[in-house]
Structure formats: C-alpha cells, structure tokens
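Data file: final.pdb. Format and content: PDB, C-alpha atoms and all ligand atoms.
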ATOM      1  CA  MET U   1       6.329  11.306  25.677
ATOM      2  CA  SER U   2       5.789   7.586  25.401
ATOM      3  CA  SER U   3       7.931   5.614  23.022
ATOM      4  CA  SER U   4       5.196   3.101  22.214
ATOM      5  CA  ARG U   5       2.028   5.205  22.216
ATOM      6  CA  ILE U   6      -0.055   4.895  19.056
ATOM      7  CA  GLY U   7      -2.099   7.863  17.879
ATOM      8  CA  VAL U   8      -5.257   7.827  15.810
ATOM      9  CA  LEU U   9      -5.926  11.019  13.863
ATOM     10  CA  ALA U  10      -9.249  12.097  15.363
ATOM     11  CA  LEU U  11     -10.192  15.222  13.442
ATOM     12  CA  GLN U  12     -13.022  13.517  11.586
ATOM     13  CA  GLY U  13     -14.148  10.114  10.316
ATOM     14  CA  ASP U  14     -14.139   6.619  11.819
ATOM     15  CA  TYR U  15     -11.281   7.018  14.297
ATOM     16  CA  GLU U  16     -13.218   5.344  17.130
ATOM     17  CA  ALA U  17     -13.314   2.063  15.202
ATOM     18  CA  HIS U  18      -9.495   2.184  14.950
ATOM     19  CA  LEU U  19      -9.091   2.854  18.682
ATOM     20  CA  LYS U  20     -11.294  -0.171  19.378
ATOM     21  CA  ALA U  21      -9.376  -2.272  16.836
ATOM     22  CA  LEU U  22      -6.076  -1.364  18.540
ATOM     23  CA  ALA U  23      -7.549  -2.414  21.892
ATOM     24  CA  ARG U  24      -8.728  -5.751  20.416
ATOM     25  CA  ALA U  25      -5.441  -6.332  18.628
ATOM     26  CA  SER U  26      -3.346  -5.785  21.751
ATOM     27  CA  GLU U  27      -5.757  -6.978  24.487
ATOM     28  CA  ASN U  28      -5.674  -3.379  25.736
ATOM     29  CA  ALA U  29      -1.895  -3.525  26.106
ATOM     30  CA  VAL U  30      -1.139  -0.693  23.739
ATOM     31  CA  GLU U  31      -1.456   2.918  24.844
ATOM     32  CA  THR U  32      -3.551   4.961  22.406
ATOM     33  CA  ILE U  33      -4.354   8.642  22.002
ATOM     34  CA  GLU U  34      -6.805  10.613  19.863
ATOM     35  CA  VAL U  35      -4.654  13.036  17.888
ATOM     36  CA  ARG U  36      -6.193  16.507  17.562
ATOM     37  CA  ARG U  37      -3.361  18.935  18.294
ATOM     38  CA  PRO U  38       0.342  19.295  17.368
ATOM     39  CA  ALA U  39       1.379  18.252  20.913
ATOM     40  CA  ASP U  40      -0.545  14.977  20.461
ATOM     41  CA  LEU U  41       1.299  14.357  17.228
ATOM     42  CA  GLU U  42       4.638  14.983  18.916
ATOM     43  CA  SER U  43       3.867  12.457  21.681
ATOM     44  CA  ILE U  44       3.313   9.339  19.575
ATOM     45  CA  ALA U  45       5.453   6.555  18.131
ATOM     46  CA  ALA U  46       3.068   5.679  15.271
ATOM     47  CA  LEU U  47      -0.127   7.030  13.711
ATOM     48  CA  ILE U  48      -3.298   5.646  12.157
ATOM     49  CA  ILE U  49      -5.154   7.840   9.673
ATOM     50  CA  PRO U  50      -8.795   6.689   9.473
ATOM     51  CA  GLY U  51     -11.418   6.739   6.757
ATOM     52  CA  GLY U  52     -13.766   9.658   6.500
ATOM     53  CA  GLU U  53     -13.701  12.566   4.091
ATOM     54  CA  SER U  54     -10.212  13.287   2.783
ATOM     55  CA  THR U  55     -10.961  16.895   1.770
ATOM     56  CA  VAL U  56     -12.230  17.744   5.269
ATOM     57  CA  MET U  57      -9.310  15.983   6.967
ATOM     58  CA  GLY U  58      -6.808  17.897   4.824
ATOM     59  CA  MET U  59      -8.497  21.197   5.678
ATOM     60  CA  LEU U  60      -8.609  20.421   9.401
ATOM     61  CA  LEU U  61      -4.941  19.352   9.473
ATOM     62  CA  GLU U  62      -4.064  22.819   8.179
ATOM     63  CA  ARG U  63      -6.509  24.625  10.469
ATOM     64  CA  PHE U  64      -5.154  22.911  13.586
ATOM     65  CA  GLY U  65      -1.530  23.545  12.625
ATOM     66  CA  MET U  66      -0.610  19.894  12.096
ATOM     67  CA  PHE U  67      -0.109  19.636   8.348
ATOM     68  CA  GLU U  68       3.639  20.400   8.127
ATOM     69  CA  LEU U  69       4.424  18.613  11.395
ATOM     70  CA  LEU U  70       2.688  15.435  10.228
ATOM     71  CA  LYS U  71       4.461  15.599   6.897
ATOM     72  CA  SER U  72       7.858  15.925   8.549
ATOM     73  CA  ARG U  73       7.203  13.188  11.127
ATOM     74  CA  ILE U  74       6.303  10.816   8.272
ATOM     75  CA  ALA U  75       9.372  11.908   6.284
ATOM     76  CA  ASN U  76      11.461  11.191   9.386
ATOM     77  CA  GLY U  77      10.217   7.610   9.566
ATOM     78  CA  MET U  78       7.213   7.541  11.922
ATOM     79  CA  PRO U  79       5.190   4.385  11.115
ATOM     80  CA  VAL U  80       1.824   5.289   9.593
ATOM     81  CA  PHE U  81      -1.148   3.106   8.767
ATOM     82  CA  ALA U  82      -3.839   4.777   6.638
ATOM     83  CA  THR U  83      -7.211   3.492   5.506
ATOM     84  CA  CYS U  84      -9.540   4.699   2.767
ATOM     85  CA  ALA U  85      -9.683   8.522   3.011
ATOM     86  CA  GLY U  86      -6.319   8.225   4.794
ATOM     87  CA  ILE U  87      -4.653   6.858   1.678
ATOM     88  CA  ILE U  88      -6.073   9.758  -0.344
ATOM     89  CA  LEU U  89      -4.620  12.191   2.181
ATOM     90  CA  LEU U  90      -1.175  10.568   1.863
ATOM     91  CA  ALA U  91      -1.186  10.191  -1.931
ATOM     92  CA  LYS U  92       1.142  12.114  -4.179
ATOM     93  CA  ASN U  93      -1.440  12.221  -6.984
ATOM     94  CA  ILE U  94      -5.234  12.344  -6.805
ATOM     95  CA  GLU U  95      -6.973  12.009 -10.149
ATOM     96  CA  ALA U  96      -8.908  15.125 -11.142
ATOM     97  CA  SER U  97      -8.473  16.809  -7.771
ATOM     98  CA  GLU U  98      -6.514  19.770  -6.457
ATOM     99  CA  GLN U  99      -7.376  18.973  -2.843
ATOM    100  CA  THR U 100      -4.814  19.324  -0.077
ATOM    101  CA  ARG U 101      -2.744  16.190   0.402
ATOM    102  CA  LEU U 102       0.439  15.228   2.244
ATOM    103  CA  GLY U 103       1.925  13.813  -0.959
ATOM    104  CA  VAL U 104       4.245  11.366   0.811
ATOM    105  CA  LEU U 105       2.979   8.104  -0.720
ATOM    106  CA  ASP U 106       4.006   7.602  -4.339
ATOM    107  CA  VAL U 107       0.654   6.480  -5.744
ATOM    108  CA  THR U 108      -2.120   7.899  -7.878
ATOM    109  CA  VAL U 109      -5.622   7.373  -6.475
ATOM    110  CA  ARG U 110      -9.075   7.761  -7.946
ATOM    111  CA  ARG U 111     -11.660   8.774  -5.361
ATOM    112  CA  ASN U 112     -15.004   6.972  -5.044
ATOM    113  CA  ALA U 113     -13.803   4.678  -7.795
ATOM    114  CA  TYR U 114     -16.288   1.833  -7.416
ATOM    115  CA  GLY U 115     -19.227   3.892  -8.670
ATOM    116  CA  ARG U 116     -22.637   4.548  -7.215
ATOM    117  CA  GLN U 117     -24.209   1.124  -7.683
ATOM    118  CA  VAL U 118     -21.603  -0.658  -5.608
ATOM    119  CA  ASP U 119     -20.153   2.199  -3.634
ATOM    120  CA  SER U 120     -20.012  -0.020  -0.541
ATOM    121  CA  PHE U 121     -19.433  -3.787  -0.492
ATOM    122  CA  HIS U 122     -17.296  -6.452   1.076
ATOM    123  CA  ALA U 123     -15.215  -9.149  -0.551
ATOM    124  CA  PRO U 124     -12.357 -11.515   0.308
ATOM    125  CA  VAL U 125      -8.995  -9.820   0.018
ATOM    126  CA  GLN U 126      -5.866 -11.939  -0.175
ATOM    127  CA  THR U 127      -2.797 -10.354   1.385
ATOM    128  CA  THR U 128       0.846 -11.325   0.936
ATOM    129  CA  ILE U 129       1.364 -11.217   4.719
ATOM    130  CA  PRO U 130       1.276 -14.713   6.265
ATOM    131  CA  GLU U 131       0.077 -13.447   9.688
ATOM    132  CA  ILE U 132      -2.895 -11.781   8.003
ATOM    133  CA  GLY U 133      -3.745 -14.159   5.158
ATOM    134  CA  THR U 134      -7.102 -13.663   3.439
ATOM    135  CA  ILE U 135      -9.463 -11.213   5.122
ATOM    136  CA  ASP U 136     -12.917  -9.798   4.531
ATOM    137  CA  GLY U 137     -12.325  -6.416   2.902
ATOM    138  CA  VAL U 138     -15.010  -3.832   3.608
ATOM    139  CA  PHE U 139     -14.975  -1.137   0.939
ATOM    140  CA  ILE U 140     -16.930   2.048   1.726
ATOM    141  CA  ARG U 141     -16.925   4.624  -1.085
ATOM    142  CA  ALA U 142     -13.393   3.389  -1.544
ATOM    143  CA  PRO U 143     -10.700   4.872  -3.745
ATOM    144  CA  LYS U 144      -8.717   2.838  -6.258
ATOM    145  CA  ILE U 145      -4.955   2.950  -6.552
ATOM    146  CA  ILE U 146      -4.489   3.444 -10.284
ATOM    147  CA  ALA U 147      -0.708   3.923 -10.442
ATOM    148  CA  LEU U 148       2.238   3.004  -8.223
ATOM    149  CA  GLY U 149       5.716   4.478  -7.940
ATOM    150  CA  PRO U 150       8.733   2.142  -8.047
ATOM    151  CA  GLY U 151       9.237   2.157  -4.261
ATOM    152  CA  VAL U 152       5.713   0.964  -3.503
ATOM    153  CA  GLU U 153       5.138  -2.689  -2.600
ATOM    154  CA  VAL U 154       1.716  -4.280  -3.127
ATOM    155  CA  LEU U 155       0.478  -6.155  -0.033
ATOM    156  CA  ALA U 156      -3.008  -7.065  -1.286
ATOM    157  CA  VAL U 157      -4.944  -7.097  -4.549
ATOM    158  CA  TYR U 158      -8.684  -7.140  -5.252
ATOM    159  CA  GLN U 159      -9.934  -7.734  -8.805
ATOM    160  CA  GLY U 160      -6.526  -6.879 -10.218
ATOM    161  CA  ASP U 161      -6.149  -3.586  -8.351
ATOM    162  CA  PRO U 162      -3.756  -3.054  -5.451
ATOM    163  CA  VAL U 163      -5.827  -2.428  -2.301
ATOM    164  CA  MET U 164      -3.060  -2.436   0.315
ATOM    165  CA  VAL U 165       0.451  -1.107  -0.192
ATOM    166  CA  ARG U 166       3.641  -0.310   1.707
ATOM    167  CA  GLN U 167       6.292   2.305   1.034
ATOM    168  CA  GLY U 168       8.962   2.343   3.750
ATOM    169  CA  ASN U 169       7.263   3.377   6.999
ATOM    170  CA  ILE U 170       3.850   3.873   5.346
ATOM    171  CA  VAL U 171       1.184   1.158   5.067
ATOM    172  CA  ALA U 172      -2.103   2.064   3.407
ATOM    173  CA  ALA U 173      -5.317   0.214   2.526
ATOM    174  CA  THR U 174      -8.262   1.334   0.438
ATOM    175  CA  PHE U 175     -10.656  -0.722   2.604
ATOM    176  CA  HIS U 176     -11.476  -0.842   6.329
ATOM    177  CA  PRO U 177      -9.474  -3.444   8.335
ATOM    178  CA  GLU U 178     -10.589  -1.744  11.583
ATOM    179  CA  LEU U 179     -13.952  -3.497  11.141
ATOM    180  CA  LEU U 180     -12.471  -7.015  11.322
ATOM    181  CA  PRO U 181     -13.355  -8.782  14.592
ATOM    182  CA  GLY U 182      -9.837 -10.029  15.317
ATOM    183  CA  ALA U 183      -8.128  -6.859  14.004
ATOM    184  CA  PRO U 184      -5.363  -8.905  12.299
ATOM    185  CA  VAL U 185      -4.011  -5.968  10.298
ATOM    186  CA  HIS U 186      -3.741  -3.786  13.414
ATOM    187  CA  ARG U 187      -2.066  -6.654  15.261
ATOM    188  CA  TRP U 188       0.483  -6.959  12.445
ATOM    189  CA  PHE U 189       0.991  -3.175  12.260
ATOM    190  CA  ILE U 190       1.669  -2.922  16.014
ATOM    191  CA  GLN U 191       4.264  -5.681  15.755
ATOM    192  CA  SER U 192       5.932  -4.208  12.695
ATOM    193  CA  PHE U 193       7.821  -1.416  14.471
TER     194      PHE U 193
HETATM  195  N1  LIG D   1     -14.794   8.895  -0.419
HETATM  196  C1  LIG D   1     -14.007   9.326   0.709
HETATM  197  C2  LIG D   1     -13.005  10.380   0.295
HETATM  198  O1  LIG D   1     -12.785  10.568  -0.866
HETATM  199  C3  LIG D   1     -13.306   8.159   1.333
HETATM  200  C4  LIG D   1     -14.313   7.180   1.874
HETATM  201  C5  LIG D   1     -13.930   6.559   3.180
HETATM  202  O2  LIG D   1     -12.947   6.921   3.808
HETATM  203  N2  LIG D   1     -14.747   5.618   3.633
HETATM  204  O3  LIG D   1     -12.430  11.036   1.140
END
Can the structure from this file be put into structure tokens for me?
Amino acid sequence: MSSSRIGVLALQGDYEAHLKALARASENAVETIEVRRPADLESIAALIIPGGESTVMGMLLERFGMFELLKSRIANGMPVFATCAGIILLAKNIEASEQTRLGVLDVTVRRNAYGRQVDSFHAPVQTTIPEIGTIDGVFIRAPKIIALGPGVEVLAVYQGDPVMVRQGNIVAATFHPELLPGAPVHRWFIQSF
C-alpha cells in the first residue's frame, strides 16, 4: 500500500495516454498503477478514469468485482479524475440510457452529444483554475453535461456548456486533457490532494 500511488482504470479505453500524462506532469516522480483488479483499487490514493466506451467499462467493472468497491472508495473521499466516458460512468443521470453507472456525480449527461458531423474536434477551453488557464480541449465523441446538481462547481465552459466540473473529491471533464503536451490538468490534479 502506497499512500501516494495514483491508479488509472485500465479495463478499456485510452488509459495509456493518462499514464504517460502523469509521467509528464510529475517528471516521473509519481508512482502509477494500471487498475484491473480489486487489490489494485485498494492500493491507490487516487484514481483516473479514462475515455473509452462507458457501457463496456461499466460492464467490466462489474465482471471484475470492482463496481461496489470503487463506488465506496469514491464515497469515502478518494480523489477521482474522470475524462469523457469516465464522466458518463460517474454520472447520476444519463439521458435516454439505462446503462450501468456509479451514480456518484450529480450531473445529467447526454452521450455523443456533438453529433456525427463534428463528433471529434478541438477548441480553446477556458478554465477557472489559474494554474491551468486556457487549454486546447480535444473532444472525441464527447458527452455534454446538460444539468448540474447544486453541489457541482463548474471549472470550465465551452460554448455555454460546462465541460469540466468538480464535486468534492471528484473532478470530471468531457474532453481529453491527457493529450496536452504539458499535462497541466494532471499536474494540478496531482497537487490537489
Ligand atoms: N462516446 C463514448 C461513450 O459514450 C465516450 C467517448 C470517449 O470517451 N472518447 O462512452
């Protein structure tokens, strides 16, 4: 058990990009682990949930016996940073979907909300966090956050929609900060707990 080890949920999706971003953000100083089993989940101080396919990730969390454990670790305050499919997995409400979700983040999301023509694009995203500032947001078949609970703080907006939010120990973005060369969001996340 390491008190500072950061896990990246590695069941599916773009977890490798997050591991590399953590290495860039910390000049290899942070210890990371690919989380695939309950014991991995028990050994970490914080977790990143990557983009990918939220339905598959939900199914695999159940299959590998991690669903309830992850939910309780988050409820008990473990810092979590989720991107894209990760925010869908955390959301309390998913428009027009019955898919498995952890339901710990008080938002409503709409999957694949940017439509087919522009399902992937990048655009400047202005955050409220001085250490991060304005970054290049890469949106890949991204969801939209269409409703927020009262305890959810907006950290970044794009075209009037919240694209990065925080609720207690949970930070979630609809885009992909792991693709930024300097990994400023990962750097900030590491320093936030
Ligand atoms: N469209 C995916 C989903 O609904 C999310 C896309 C992504 O993570 N890049 O799970």
Could you give me, as a list in words, the residues within 7 Å of segment 78-83 of chain U, counting all atoms listed in the file and dropping anything in the same chain fewer than 2 positions from it?
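So the residues in contact are Ala45, Ala46, Leu47, Ile48, Ile49, Pro50, Gly51, Arg73, Ile74, Asn76, Ala85, Gly86, Ile87, Asn169, Ile170, Val171, Ala172, Ala173, Thr174, Phe175 and His176 of chain U.
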Shell of 9 Å around ligand LIG 1 (chain D) (all atoms listed in the file), written as a PyMOL selection string
chain U and resi 13-14+50-57+83-89+110-113+120+139-143+174-176
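Of the residues listed (U:Gly103, U:Val185, U:Ile145, U:Gln126), U:Gln126 shows the shortest atom-to-atom separation from Val157 of chain U; distances use only C-alpha atoms.
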Residue among U:Trp188, U:Glu178, U:Val104, U:Ile132 lying closest to Lys20 of chain U, counting only C-alpha atoms
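Of the candidates, the smallest distance to Lys20 of chain U is held by U:Glu178.
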Given the file shown, enumerate the residues that the PyMOL selection byres (((chain U and resi 183) around 12) and not hetatm) captures and present them as a VMD selection string.
chain U and resid 17 to 27 131 to 132 135 to 137 176 to 182 184 to 190
As an exercise, work out the distance from atom CA of Val107 of chain U to atom CA of Ala75 of chain U in Å and give it to one decimal place.
15.8 Å
List the residues selected by the PyMOL selection byres (((chain U and resi 32-39) around 9) and not hetatm) in the file shown, writing them as a ChimeraX atom specification.
/U:4-11,15-16,19,22-23,30-31,40-44,47,61,64-66,69-70
Between atom CA of Glu62 of chain U and atom CA of Val165 of chain U - distance in Å to one decimal:
25.7 Å
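Of the residues under consideration (U:Ala123, U:Ala96, U:Ile146, U:Leu60), U:Ala123 shows the shortest atom-to-atom contact distance to Tyr158 of chain U when counting only C-alpha atoms.
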Shortest interatomic distance to Arg101 of chain U - which of U:Leu148, U:Met59, U:Leu155, U:Ala29, counting only C-alpha atoms:
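With only C-alpha atoms as the atom set, the closest residue is U:Met59.
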